[in-house]
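**Student:** One structure coming up, written as structure tokens, with questions to follow.
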Amino acid sequence: MMVDVDHYGIHREGSVSWLVQGRKGSNFSGINAQCPFQLTGGGMCNHMVPTAAPVPDRLHWERWMKIFNDPLVQAMLPLPKPQGQGVFYVEDPYDDLGLYLATLSRLSSPINLIIKPTSTVKAKALEVELATSNIQPLVLVHTDQKNQAIVDMVGKLARYVPRTVVFTGKSEVIVSQPIQRIKTSIRDFDLADLMTLPLENLGATVIRRYCRNEKLDAPWEDRNAHRARKIAERS
């Protein structure tokens, strides 16, 4: 029996998590079964996470861990956020976060750009955008006092919609709960170094670990080490 869901992303049936995206649903538990979820409603999926992506190289993983706990990176992770805790505001006084955000957006393997100026967003279209997926953030940039109504609207919707939203903009914008104002040190990490990381694979690895209930920032391990650990855990 198929289970209807109204958005793409990660859904759980019993103890098994499935990643539902455009072409098919995938689990990371080695279960040979048809995905039990089907989408109700329309809309194209905007992420194509490489579910069979190889384990990242050790050096890549170690560099990734240097920024993993930064609040902005955490907000951009391709994972469901707890209900009502998925909207973030980052002050960008120098208007220089754009390239960092565009690079981090690769974590969710977007098909179309997920970064938009807040001033170009219309309320009705925004409601549709916020209902599409629980693993791909929407990033709204250049936010100022003129966009206060959009910020307030997203805050009200945060408790009901699955999609994460990251605002960047002026410090004068009023941010009320449940929107979280966060600070980032991402500028301290070399942009060129960030751009050379295999972020699509790293995003897929984070999703894989999440779906397997593994620690997201656990030390790197190759396939043989992972297999040996799982055998040891079962015994």
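Residues are named by chain letter and number: chains run A, B, ... in the order of the structure tokens, numbers start at 1 in each chain, and ligands are numbered from 1 in the order shown.
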Could you pull out the helix (DSSP H, G or I) residues of segment 144-220 of chain A from DSSP and send them as a ChimeraX atom specification?
**Tutor:** /A:145-157,186-188,191-195,199-211
**Student:** Residues of the last selection are to be written out with N, CA and C atoms, as a CSV table (one decimal), in the first residue's frame.
**Tutor:**
```csv
chain,number,residue,atom,x,y,z
A,145,GLN,N,14.7,46.4,5.2
A,145,GLN,CA,13.4,46.7,5.9
A,145,GLN,C,12.2,46.7,4.9
A,146,LYS,N,12.4,46.9,3.6
A,146,LYS,CA,11.3,46.9,2.7
A,146,LYS,C,10.8,45.5,2.5
A,147,ASN,N,11.5,44.5,2.9
A,147,ASN,CA,11.1,43.1,2.8
A,147,ASN,C,10.5,42.5,4.1
A,148,GLN,N,10.3,43.4,5.1
A,148,GLN,CA,9.8,42.9,6.4
A,148,GLN,C,8.6,42.0,6.3
A,149,ALA,N,7.7,42.4,5.4
A,149,ALA,CA,6.5,41.6,5.3
A,149,ALA,C,6.7,40.1,4.9
A,150,ILE,N,7.7,39.9,4.0
A,150,ILE,CA,8.1,38.6,3.6
A,150,ILE,C,8.7,37.8,4.7
A,151,VAL,N,9.6,38.5,5.4
A,151,VAL,CA,10.2,37.8,6.6
A,151,VAL,C,9.2,37.4,7.6
A,152,ASP,N,8.2,38.3,7.9
A,152,ASP,CA,7.2,38.0,8.9
A,152,ASP,C,6.3,36.8,8.4
A,153,MET,N,6.0,36.8,7.1
A,153,MET,CA,5.2,35.8,6.5
A,153,MET,C,5.9,34.4,6.6
A,154,VAL,N,7.2,34.3,6.3
A,154,VAL,CA,7.9,33.1,6.4
A,154,VAL,C,8.0,32.6,7.9
A,155,GLY,N,8.1,33.6,8.8
A,155,GLY,CA,8.1,33.2,10.2
A,155,GLY,C,6.8,32.6,10.6
A,156,LYS,N,5.7,33.1,10.1
A,156,LYS,CA,4.3,32.5,10.4
A,156,LYS,C,4.2,31.1,9.8
A,157,LEU,N,4.7,30.9,8.6
A,157,LEU,CA,4.6,29.6,7.9
A,157,LEU,C,5.6,28.6,8.4
A,186,ILE,N,32.1,31.6,8.3
A,186,ILE,CA,32.4,30.9,7.0
A,186,ILE,C,33.4,31.7,6.2
A,187,ARG,N,33.4,33.1,6.4
A,187,ARG,CA,34.4,33.9,5.7
A,187,ARG,C,35.8,33.6,6.1
A,188,ASP,N,36.0,32.9,7.2
A,188,ASP,CA,37.4,32.6,7.7
A,188,ASP,C,37.9,31.4,6.9
A,191,LEU,N,37.6,30.5,0.3
A,191,LEU,CA,36.5,30.3,-0.6
A,191,LEU,C,36.9,29.3,-1.7
A,192,ALA,N,38.1,29.4,-2.2
A,192,ALA,CA,38.6,28.5,-3.2
A,192,ALA,C,38.7,27.1,-2.7
A,193,ASP,N,39.1,27.0,-1.4
A,193,ASP,CA,39.2,25.6,-0.8
A,193,ASP,C,37.8,25.0,-0.7
A,194,LEU,N,36.8,25.9,-0.3
A,194,LEU,CA,35.4,25.4,-0.2
A,194,LEU,C,34.9,25.0,-1.6
A,195,MET,N,35.2,25.7,-2.6
A,195,MET,CA,34.7,25.4,-3.9
A,195,MET,C,35.2,24.1,-4.5
A,199,LEU,N,31.1,18.8,-2.8
A,199,LEU,CA,29.9,19.1,-1.9
A,199,LEU,C,28.7,18.2,-2.2
A,200,GLU,N,28.5,17.9,-3.5
A,200,GLU,CA,27.4,17.0,-3.8
A,200,GLU,C,27.6,15.6,-3.1
A,201,ASN,N,28.8,15.1,-3.2
A,201,ASN,CA,29.1,13.8,-2.5
A,201,ASN,C,29.0,13.9,-1.0
A,202,LEU,N,29.5,15.1,-0.4
A,202,LEU,CA,29.4,15.3,1.0
A,202,LEU,C,28.0,15.4,1.5
A,203,GLY,N,27.2,16.1,0.7
A,203,GLY,CA,25.7,16.2,1.0
A,203,GLY,C,25.1,14.8,1.0
A,204,ALA,N,25.4,14.0,0.0
A,204,ALA,CA,24.8,12.7,0.0
A,204,ALA,C,25.3,11.8,1.1
A,205,THR,N,26.5,12.0,1.6
A,205,THR,CA,27.0,11.3,2.7
A,205,THR,C,26.3,11.6,4.0
A,206,VAL,N,26.1,13.0,4.2
A,206,VAL,CA,25.3,13.4,5.3
A,206,VAL,C,23.9,12.8,5.3
A,207,ILE,N,23.2,12.8,4.2
A,207,ILE,CA,21.9,12.2,4.1
A,207,ILE,C,22.0,10.7,4.4
A,208,ARG,N,23.0,10.0,3.9
A,208,ARG,CA,23.1,8.6,4.1
A,208,ARG,C,23.3,8.3,5.6
A,209,ARG,N,24.1,9.1,6.3
A,209,ARG,CA,24.3,8.9,7.7
A,209,ARG,C,23.1,9.2,8.5
A,210,TYR,N,22.4,10.3,8.1
A,210,TYR,CA,21.1,10.6,8.8
A,210,TYR,C,20.1,9.5,8.7
A,211,CYS,N,20.0,9.0,7.5
A,211,CYS,CA,19.0,7.9,7.3
A,211,CYS,C,19.3,6.6,8.0
```
**Student:** If we count only C-alpha atoms, what is near Thr184 of chain A at a cut-off of 7 Å, once residues fewer than 5 positions away on the same chain are taken out, given as a list in words?
**Tutor:**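 Counting only the stated atoms, we get Asp70, Pro71 and Leu72 of chain A.
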**Student:** Atom CA of Arg163 of chain A and atom CA of Ser105 of chain A are how many Å apart?
**Tutor:**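 Taking atom CA of Arg163 of chain A and atom CA of Ser105 of chain A, their separation equals 13.8 Å.
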**Student:** I want to know what sits within 12 Å of Pro198 of chain A, based on only C-alpha atoms, with residues of the same chain fewer than 4 positions away left out; could you give that as a PyMOL selection string?
**Tutor:** chain A and resi 50+53-61+63-64+103-109+193-194+202-205
**Student:** For segment 169-175 of chain A, work out the shell of residues within 6 Å, counting only C-alpha atoms and skipping chain neighbours fewer than 6 positions away, then give it as a ChimeraX atom specification.
**Tutor:** /A:91-92,142-145
**Student:** Those same residues - N, CA and C atoms - I'd like them written as a short mmCIF file (atom, residue, chain, number, x, y, z; two decimals), in the first residue's frame.
**Tutor:**
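File out.cif, as written:
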```cif
data_model
loop_
_atom_site.label_atom_id
_atom_site.label_comp_id
_atom_site.auth_asym_id
_atom_site.auth_seq_id
_atom_site.Cartn_x
_atom_site.Cartn_y
_atom_site.Cartn_z
N GLU A 91 23.05 38.13 9.17
CA GLU A 91 23.40 39.48 8.74
C GLU A 91 24.56 39.43 7.76
N ASP A 92 24.45 40.20 6.69
CA ASP A 92 25.48 40.22 5.65
C ASP A 92 25.84 41.67 5.33
N HIS A 142 19.87 39.71 0.19
CA HIS A 142 19.70 41.16 0.07
C HIS A 142 18.41 41.62 0.78
N THR A 143 18.13 41.05 1.91
CA THR A 143 16.91 41.38 2.65
C THR A 143 17.11 42.70 3.40
N ASP A 144 16.12 43.60 3.29
CA ASP A 144 16.18 44.85 4.05
C ASP A 144 14.80 45.17 4.61
N GLN A 145 14.65 46.36 5.20
CA GLN A 145 13.40 46.71 5.87
C GLN A 145 12.20 46.70 4.92
#
```
**Student:** Between A:Gln83, A:Ser29, A:Asn69, A:Ser119, single out the one closest to Lys183 of chain A, counting only C-alpha atoms.
**Tutor:**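 For Lys183 of chain A, the nearest of the given residues is A:Asn69.
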**Student:** Write out as a list of chain:residue names which residues come within 8 Å of segment 15-27 of chain A when counting only C-alpha atoms, dropping same-chain ones fewer than 3 positions away.
**Tutor:**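 After dropping sequence-adjacent residues, the list is A:Tyr8, A:Gly9, A:Ile10, A:His11, A:Arg12, A:Gly30, A:Ile31, A:Gln34, A:Cys35, A:Phe37, A:Met44, A:Cys45, A:Asn46, A:His47, A:Met48, A:Thr51, A:Cys211, A:Arg212.
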**Student:** Can you list, as a CSV table (one decimal) with N, CA, C and O atoms, in the first residue's frame, every residue of segment 138-232 of chain A that DSSP puts in strand (DSSP E)?
**Tutor:**
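The resulting file, states-v4.csv, is reproduced below:
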```
chain,number,residue,atom,x,y,z
A,138,LEU,N,15.8,27.1,0.8
A,138,LEU,CA,15.6,28.2,0.0
A,138,LEU,C,16.4,29.4,0.6
A,138,LEU,O,16.2,29.7,1.8
A,139,VAL,N,17.2,30.0,-0.2
A,139,VAL,CA,18.0,31.1,0.3
A,139,VAL,C,17.6,32.4,-0.3
A,139,VAL,O,17.5,32.6,-1.5
A,140,LEU,N,17.2,33.4,0.6
A,140,LEU,CA,16.7,34.7,0.2
A,140,LEU,C,17.7,35.7,0.6
A,140,LEU,O,17.9,35.9,1.8
A,141,VAL,N,18.2,36.4,-0.3
A,141,VAL,CA,19.4,37.4,-0.1
A,141,VAL,C,19.0,38.8,-0.3
A,141,VAL,O,17.9,39.1,-0.8
A,142,HIS,N,19.9,39.7,0.2
A,142,HIS,CA,19.7,41.2,0.1
A,142,HIS,C,18.4,41.6,0.8
A,142,HIS,O,17.7,42.5,0.3
A,143,THR,N,18.1,41.1,1.9
A,143,THR,CA,16.9,41.4,2.7
A,143,THR,C,17.1,42.7,3.4
A,143,THR,O,18.1,42.9,4.1
A,165,VAL,N,14.5,27.8,5.3
A,165,VAL,CA,14.7,29.1,4.6
A,165,VAL,C,15.9,29.8,5.3
A,165,VAL,O,15.9,29.8,6.6
A,166,VAL,N,16.8,30.3,4.5
A,166,VAL,CA,17.9,31.1,5.0
A,166,VAL,C,17.8,32.5,4.4
A,166,VAL,O,17.9,32.6,3.2
A,167,PHE,N,17.6,33.5,5.3
A,167,PHE,CA,17.7,34.9,4.9
A,167,PHE,C,19.1,35.4,5.1
A,167,PHE,O,19.7,35.1,6.1
A,168,THR,N,19.5,36.3,4.2
A,168,THR,CA,20.7,37.1,4.5
A,168,THR,C,20.3,38.6,4.2
A,168,THR,O,19.5,38.8,3.3
A,169,GLY,N,20.9,39.5,5.0
A,169,GLY,CA,20.6,40.9,4.7
A,169,GLY,C,21.0,41.8,5.8
A,169,GLY,O,22.0,41.6,6.5
A,180,GLN,N,15.4,32.1,13.6
A,180,GLN,CA,16.6,32.2,14.4
A,180,GLN,C,17.7,33.1,13.8
A,180,GLN,O,18.0,32.9,12.6
A,181,ARG,N,18.2,34.1,14.5
A,181,ARG,CA,19.3,34.9,14.0
A,181,ARG,C,20.6,34.2,14.3
A,181,ARG,O,20.9,33.9,15.5
A,182,ILE,N,21.4,33.9,13.3
A,182,ILE,CA,22.6,33.1,13.5
A,182,ILE,C,23.8,33.9,13.0
A,182,ILE,O,23.6,34.8,12.2
```
